Amino acid sequence: MADNLRALSFFLLLSLLLPASHAEIKNLQITGDTRNSIMFEKFGFNHGGTVSIALSDVNSGSSDPSLLGFFLLSDESLFQAIYEAQNGESPGNPTCVLNSPYVKLLFTFTEISPEGKYNQSIPVTHPDEYTLFFASCAPETSVSMTVHTEMYNVDPDGTKDYLSVGQSAVPTIFTFSAIAYFIFLSIWLYTTLIHSRSTAHRIHHLMSGLLLVRSLYLLSAAEDQHYIRVTGSPHGWDVAFYLFQLAKGVLLFAVIVLIGTGWSFLKPFLQDKEKKVLMVVIPLQVAANIASAVIGETGPFIKSWITWNQIFLFVDVACCCAVLFPIVWSIRTLKETSKTDGKAARNLAKLTLFRQFYVVVIGYLYFTRIIVYALKTIASYKYRWVSDAADELVTVAFYLYMFYTFRPVEKNQYFVIDDEDEEAAELALREEEFEL
């Protein structure tokens with residue numbers, strides 16, 4: 001019973017780590033693997049759902065092929081199984097997960113042909129979100145095989161849909177977001193190159209580049225998801241997706257860092273410590289995107305999949321922390337200079353600006369890293385698209401705030417002062433209202 005509970009808990013951990021996603025047509029090579037379980041994909045099925053599995057070159061050292069096989073497991077059944085196992089209520093207390101009443105057994109290796117092949121499509125009769133597993137109840141058994149998997153739903157017109165039920169709306173979300181950013185980019189280019197050209201700084205042109213790569217990233221993401229939905233393959237759009245994702249990540253964090261330092265619109269140069277932050281953030285973003293590509297293009301069947309998830313989490317958190325340092329330094333520098341340069345109102349305006357930016361950046365990073373993940377975890381599998389929609393809405397709101405606040409204008413509202421402002425600012429600074 002204890003072994004069974006540990007196995008169920010392990011399946012729960014893997015299932016929670018794996019986000020609901022598309023089920024591309026996969027061709028996987030497994031060689032000399034001795035793991036007791038291998039997770040492949042998580043997929044939300046409707047009434048027309050089908051799992052298609054083809055095996056070839058199957059070779060296992062087990063004397064009992066009934067101890068090896070493939071099965072589907074839903075999160076609901078998994079939680080119920082763990083609950084009953086903890087309370088000693090597990091029916092039959094099976095020693096092998098393949099015999100558990102909570103799993104949907106697809107087949108065991110007793111159905112493998114003498115040539116080491118298997119090819120079958122199994123309909124899913126009960127709509128739910130399932131995870132596809134391979135299990136071996138023969139300890140230390142080495143297994144080698146080539147695995148071809150397809151998981152899809154069938155639309156009323158008979159066409160296959162390779163996107164999970166809750167992800168069907170994602171291509172549309174990305175398409176409309178891409179259009180919105182292209183419009184945003186057009187307005188920004190008109191502002192920086194024509195309307196306010198004389199007051200545009202280098203940071204504003206870098207922000208134009210950020211909008212461009214964000215637009216191309218969303219366009220490639222929409223095409224990637226569309227082709228996967230229709231054909232089960234991204235048709236090369238995944239390469240463009242990961243390239244623009246890398247460029248978008250590097251430029252976004254670079255823009256936040258440079259705005260936080262006041263580069264180009266408040267001062268023409270970067271201090272050494274600010275350059276060091278950039279030299280840390282950019283390689284971390286490259287590492288995070290490499291980890292993201294490995295996670296997205298391989299899957300949980302590789303042995304190092306959890307390690308790549310940990311690398312991605314660590315470097316992403318490190319980037320989020322690093323970009324806050326320049327903003328904090330700018331706030332502290334402004335507080336110190338306000339005591340000696342006699343420009344209280346101007347410094348108070350700058351402090352207000354940077355303090356607001358600091359709070360907004362923290363809020364944006366918290367929402368897109370924590371709240372979005374929570375939405376993906378707790379939302380019903382039919383509504384997983386809500387987390388993508390929320391992510392895009394908050395991101396565009398953050399971009400609008402950042403671009404509007406730091407737009408090129410001749411007389412920025414933060415720096416227009418009069419005598420009354422000067423007196424009020426001196427009082428506010430003396431009271432030290434801007435401590436972090």
# chains A, B, ... in the order shown; residues from 1 in each chain; ligands from 1
call {"tool": "residues_around", "arguments": {"residues": "Asp33 (chain A)", "least_positions_apart": "6", "cutoff": "10 Å", "atoms": "only C-alpha atoms", "output": "list of chain:residue names"}}
result
A:Ser60, A:Glu140, A:Thr141, A:Ser142, A:Val143, A:Ser144, A:Met145, A:Lys303
call {"tool": "residues_around", "arguments": {"residues": "Gly296 (chain A)", "least_positions_apart": "5", "cutoff": "10 Å", "atoms": "only C-alpha atoms", "output": "count of residues only"}}
result
6
call {"tool": "closest_atom_pairs", "arguments": {"of": "region 46-84 of chain A", "to": "region 23-30 of chain A", "cutoff": "12 Å", "atoms": "only C-alpha atoms", "output": "CSV"}}
result
residue,atom,partner,partner_atom,distance
A:Gly49,CA,A:Ala23,CA,12.0
A:Thr50,CA,A:Ala23,CA,11.4
A:Val51,CA,A:Ala23,CA,10.2
A:Ser52,CA,A:Ile25,CA,9.6
A:Ile53,CA,A:Lys26,CA,9.8
A:Ala54,CA,A:Asn27,CA,9.4
A:Leu55,CA,A:Leu28,CA,9.7
A:Ser56,CA,A:Gln29,CA,9.8
A:Asp57,CA,A:Gln29,CA,9.8
A:Val58,CA,A:Ile30,CA,9.5
A:Asn59,CA,A:Ile30,CA,10.2
A:Ser60,CA,A:Ile30,CA,11.3
call {"tool": "residues_around", "arguments": {"residues": "Met151 (chain A)", "least_positions_apart": "4", "cutoff": "12 Å", "atoms": "only C-alpha atoms", "output": "ChimeraX atom specification"}}
result
/A:21-26,40-46,48-54,72,121-124,129-132,160-165,228-229,231-232
call {"tool": "write_last_selection", "arguments": {"atoms": "N, CA and C atoms", "output": "CSV table (one decimal), in the first residue's frame"}}
result
chain,number,residue,atom,x,y,z
A,21,SER,N,-1.5,21.3,-22.6
A,21,SER,CA,-1.0,21.9,-23.8
A,21,SER,C,-1.5,21.2,-25.1
A,22,HIS,N,-0.9,21.6,-26.2
A,22,HIS,CA,-1.2,20.9,-27.4
A,22,HIS,C,-0.6,19.5,-27.4
A,23,ALA,N,-1.1,18.6,-28.3
A,23,ALA,CA,-0.5,17.3,-28.4
A,23,ALA,C,0.0,17.1,-29.8
A,24,GLU,N,1.1,17.7,-30.1
A,24,GLU,CA,1.7,17.5,-31.4
A,24,GLU,C,1.9,16.0,-31.7
A,25,ILE,N,2.0,15.7,-32.9
A,25,ILE,CA,2.3,14.3,-33.3
A,25,ILE,C,3.8,14.1,-32.9
A,26,LYS,N,4.0,13.1,-32.0
A,26,LYS,CA,5.3,12.9,-31.4
A,26,LYS,C,5.9,11.6,-31.9
A,40,PHE,N,4.1,11.2,-20.9
A,40,PHE,CA,4.3,11.7,-22.2
A,40,PHE,C,3.6,13.1,-22.4
A,41,GLU,N,2.3,13.1,-22.4
A,41,GLU,CA,1.5,14.4,-22.6
A,41,GLU,C,0.3,14.4,-21.8
A,42,LYS,N,-0.2,15.7,-21.6
A,42,LYS,CA,-1.5,15.9,-20.9
A,42,LYS,C,-2.4,16.6,-22.0
A,43,PHE,N,-3.6,16.1,-22.0
A,43,PHE,CA,-4.5,16.5,-23.1
A,43,PHE,C,-6.0,16.5,-22.6
A,44,GLY,N,-6.7,17.5,-23.0
A,44,GLY,CA,-8.1,17.6,-22.7
A,44,GLY,C,-9.0,17.1,-23.8
A,45,PHE,N,-9.8,16.0,-23.5
A,45,PHE,CA,-10.6,15.4,-24.6
A,45,PHE,C,-12.1,15.8,-24.5
A,46,ASN,N,-12.7,15.8,-25.6
A,46,ASN,CA,-14.2,16.0,-25.6
A,46,ASN,C,-14.8,14.6,-26.0
A,48,GLY,N,-15.4,13.3,-28.8
A,48,GLY,CA,-14.8,12.7,-29.9
A,48,GLY,C,-13.3,12.5,-29.8
A,49,GLY,N,-12.8,12.3,-28.6
A,49,GLY,CA,-11.4,12.2,-28.4
A,49,GLY,C,-10.8,10.8,-28.7
A,50,THR,N,-9.6,10.8,-29.2
A,50,THR,CA,-8.9,9.6,-29.6
A,50,THR,C,-7.4,9.6,-29.2
A,51,VAL,N,-6.9,8.5,-28.7
A,51,VAL,CA,-5.5,8.3,-28.5
A,51,VAL,C,-5.0,7.3,-29.5
A,52,SER,N,-3.9,7.7,-30.2
A,52,SER,CA,-3.3,6.8,-31.2
A,52,SER,C,-1.9,6.5,-30.8
A,53,ILE,N,-1.5,5.3,-30.6
A,53,ILE,CA,-0.2,4.9,-30.2
A,53,ILE,C,0.4,3.8,-31.2
A,54,ALA,N,1.6,4.1,-31.7
A,54,ALA,CA,2.2,3.1,-32.5
A,54,ALA,C,3.6,2.8,-31.9
A,72,LEU,N,-4.0,5.9,-19.4
A,72,LEU,CA,-4.4,7.3,-19.2
A,72,LEU,C,-4.8,7.5,-17.8
A,121,SER,N,-5.6,2.8,-32.3
A,121,SER,CA,-6.3,4.0,-31.9
A,121,SER,C,-7.4,3.7,-31.0
A,122,ILE,N,-7.4,4.3,-29.8
A,122,ILE,CA,-8.3,4.0,-28.8
A,122,ILE,C,-9.2,5.2,-28.5
A,123,PRO,N,-10.5,5.1,-28.6
A,123,PRO,CA,-11.4,6.2,-28.4
A,123,PRO,C,-11.5,6.5,-26.9
A,124,VAL,N,-11.6,7.8,-26.5
A,124,VAL,CA,-11.8,8.2,-25.1
A,124,VAL,C,-13.3,8.4,-24.9
A,129,GLU,N,-9.6,15.6,-18.8
A,129,GLU,CA,-8.2,15.9,-19.1
A,129,GLU,C,-7.4,14.7,-18.6
A,130,TYR,N,-6.7,14.1,-19.5
A,130,TYR,CA,-5.9,12.9,-19.1
A,130,TYR,C,-4.4,13.1,-19.4
A,131,THR,N,-3.6,12.4,-18.7
A,131,THR,CA,-2.2,12.3,-18.9
A,131,THR,C,-1.8,10.9,-19.4
A,132,LEU,N,-1.0,10.9,-20.4
A,132,LEU,CA,-0.6,9.6,-21.0
A,132,LEU,C,0.7,9.1,-20.3
A,160,LYS,N,-9.7,16.6,-37.5
A,160,LYS,CA,-9.0,16.4,-36.3
A,160,LYS,C,-8.5,17.7,-35.7
A,161,ASP,N,-8.6,17.8,-34.4
A,161,ASP,CA,-8.1,19.0,-33.7
A,161,ASP,C,-7.1,18.6,-32.7
A,162,TYR,N,-5.8,18.9,-32.9
A,162,TYR,CA,-4.7,18.5,-32.1
A,162,TYR,C,-4.5,19.4,-30.9
A,163,LEU,N,-5.3,20.4,-30.7
A,163,LEU,CA,-5.2,21.2,-29.5
A,163,LEU,C,-6.2,20.7,-28.4
A,164,SER,N,-5.7,20.7,-27.2
A,164,SER,CA,-6.6,20.4,-26.1
A,164,SER,C,-7.8,21.2,-26.0
A,165,VAL,N,-8.9,20.7,-25.5
A,165,VAL,CA,-10.2,21.4,-25.5
A,165,VAL,C,-10.0,22.8,-24.9
A,228,ILE,N,-0.4,23.4,-35.5
A,228,ILE,CA,-0.5,22.3,-34.7
A,228,ILE,C,-2.0,21.8,-34.5
A,229,ARG,N,-2.9,22.8,-34.4
A,229,ARG,CA,-4.3,22.4,-34.3
A,229,ARG,C,-4.8,21.7,-35.5
A,231,THR,N,-2.8,20.3,-38.2
A,231,THR,CA,-2.0,19.2,-38.8
A,231,THR,C,-1.3,18.4,-37.7
A,232,GLY,N,-1.1,18.9,-36.5
A,232,GLY,CA,-0.4,18.2,-35.5
A,232,GLY,C,1.1,18.5,-35.5
call {"tool": "atom_distance", "arguments": {"atom1": "CA of Gln245 (chain A)", "atom2": "CA of Gly166 (chain A)"}}
result
22.7 Å
call {"tool": "atom_distance", "arguments": {"atom1": "CA of Val230 (chain A)", "atom2": "CA of Asn309 (chain A)"}}
result
28.3 Å
call {"tool": "atom_distance", "arguments": {"atom1": "CA of Ala138 (chain A)", "atom2": "CA of Ser62 (chain A)"}}
result
6.7 Å
call {"tool": "residues_around", "arguments": {"residues": "Ile311 (chain A)", "least_positions_apart": "5", "cutoff": "9 Å", "atoms": "only C-alpha atoms", "output": "JSON list (two decimals) with N, CA and C atoms, in the first residue's frame"}}
result
[["chain", "number", "residue", "atom", "x", "y", "z"],
["A", 287, "ALA", "N", 19.60, 31.94, -21.18],
["A", 287, "ALA", "CA", 19.51, 30.63, -20.51],
["A", 287, "ALA", "C", 18.06, 30.24, -20.28],
["A", 288, "ALA", "N", 17.23, 31.21, -19.87],
["A", 288, "ALA", "CA", 15.81, 30.92, -19.61],
["A", 288, "ALA", "C", 15.11, 30.47, -20.89],
["A", 291, "ALA", "N", 16.15, 26.93, -21.83],
["A", 291, "ALA", "CA", 15.42, 25.98, -20.98],
["A", 291, "ALA", "C", 13.97, 25.86, -21.44],
["A", 306, "ILE", "N", 12.56, 17.55, -15.41],
["A", 306, "ILE", "CA", 12.34, 18.29, -14.17],
["A", 306, "ILE", "C", 13.51, 19.24, -13.90],
["A", 316, "ASP", "N", 14.52, 32.66, -14.34],
["A", 316, "ASP", "CA", 13.44, 33.63, -14.51],
["A", 316, "ASP", "C", 13.27, 34.48, -13.26]]
call {"tool": "closest_residue", "arguments": {"among": "A:Leu365, A:Ser208, A:Thr31, A:Glu410", "to": "Cys321 (chain A)", "atoms": "only C-alpha atoms"}}
result
A:Leu365
call {"tool": "residues_around", "arguments": {"residues": "Leu216 (chain A)", "least_positions_apart": "3", "cutoff": "8 Å", "atoms": "only C-alpha atoms", "output": "count of residues only"}}
result
6
call {"tool": "closest_residue", "arguments": {"among": "A:Leu67, A:Leu106, A:Val255, A:Ile179", "to": "Phe403 (chain A)", "atoms": "only C-alpha atoms"}}
result
A:Val255
call {"tool": "select_by_dssp", "arguments": {"residues": "region 283-360 of chain A", "states": "alpha helix (DSSP H)", "output": "count of residues only"}}
result
65
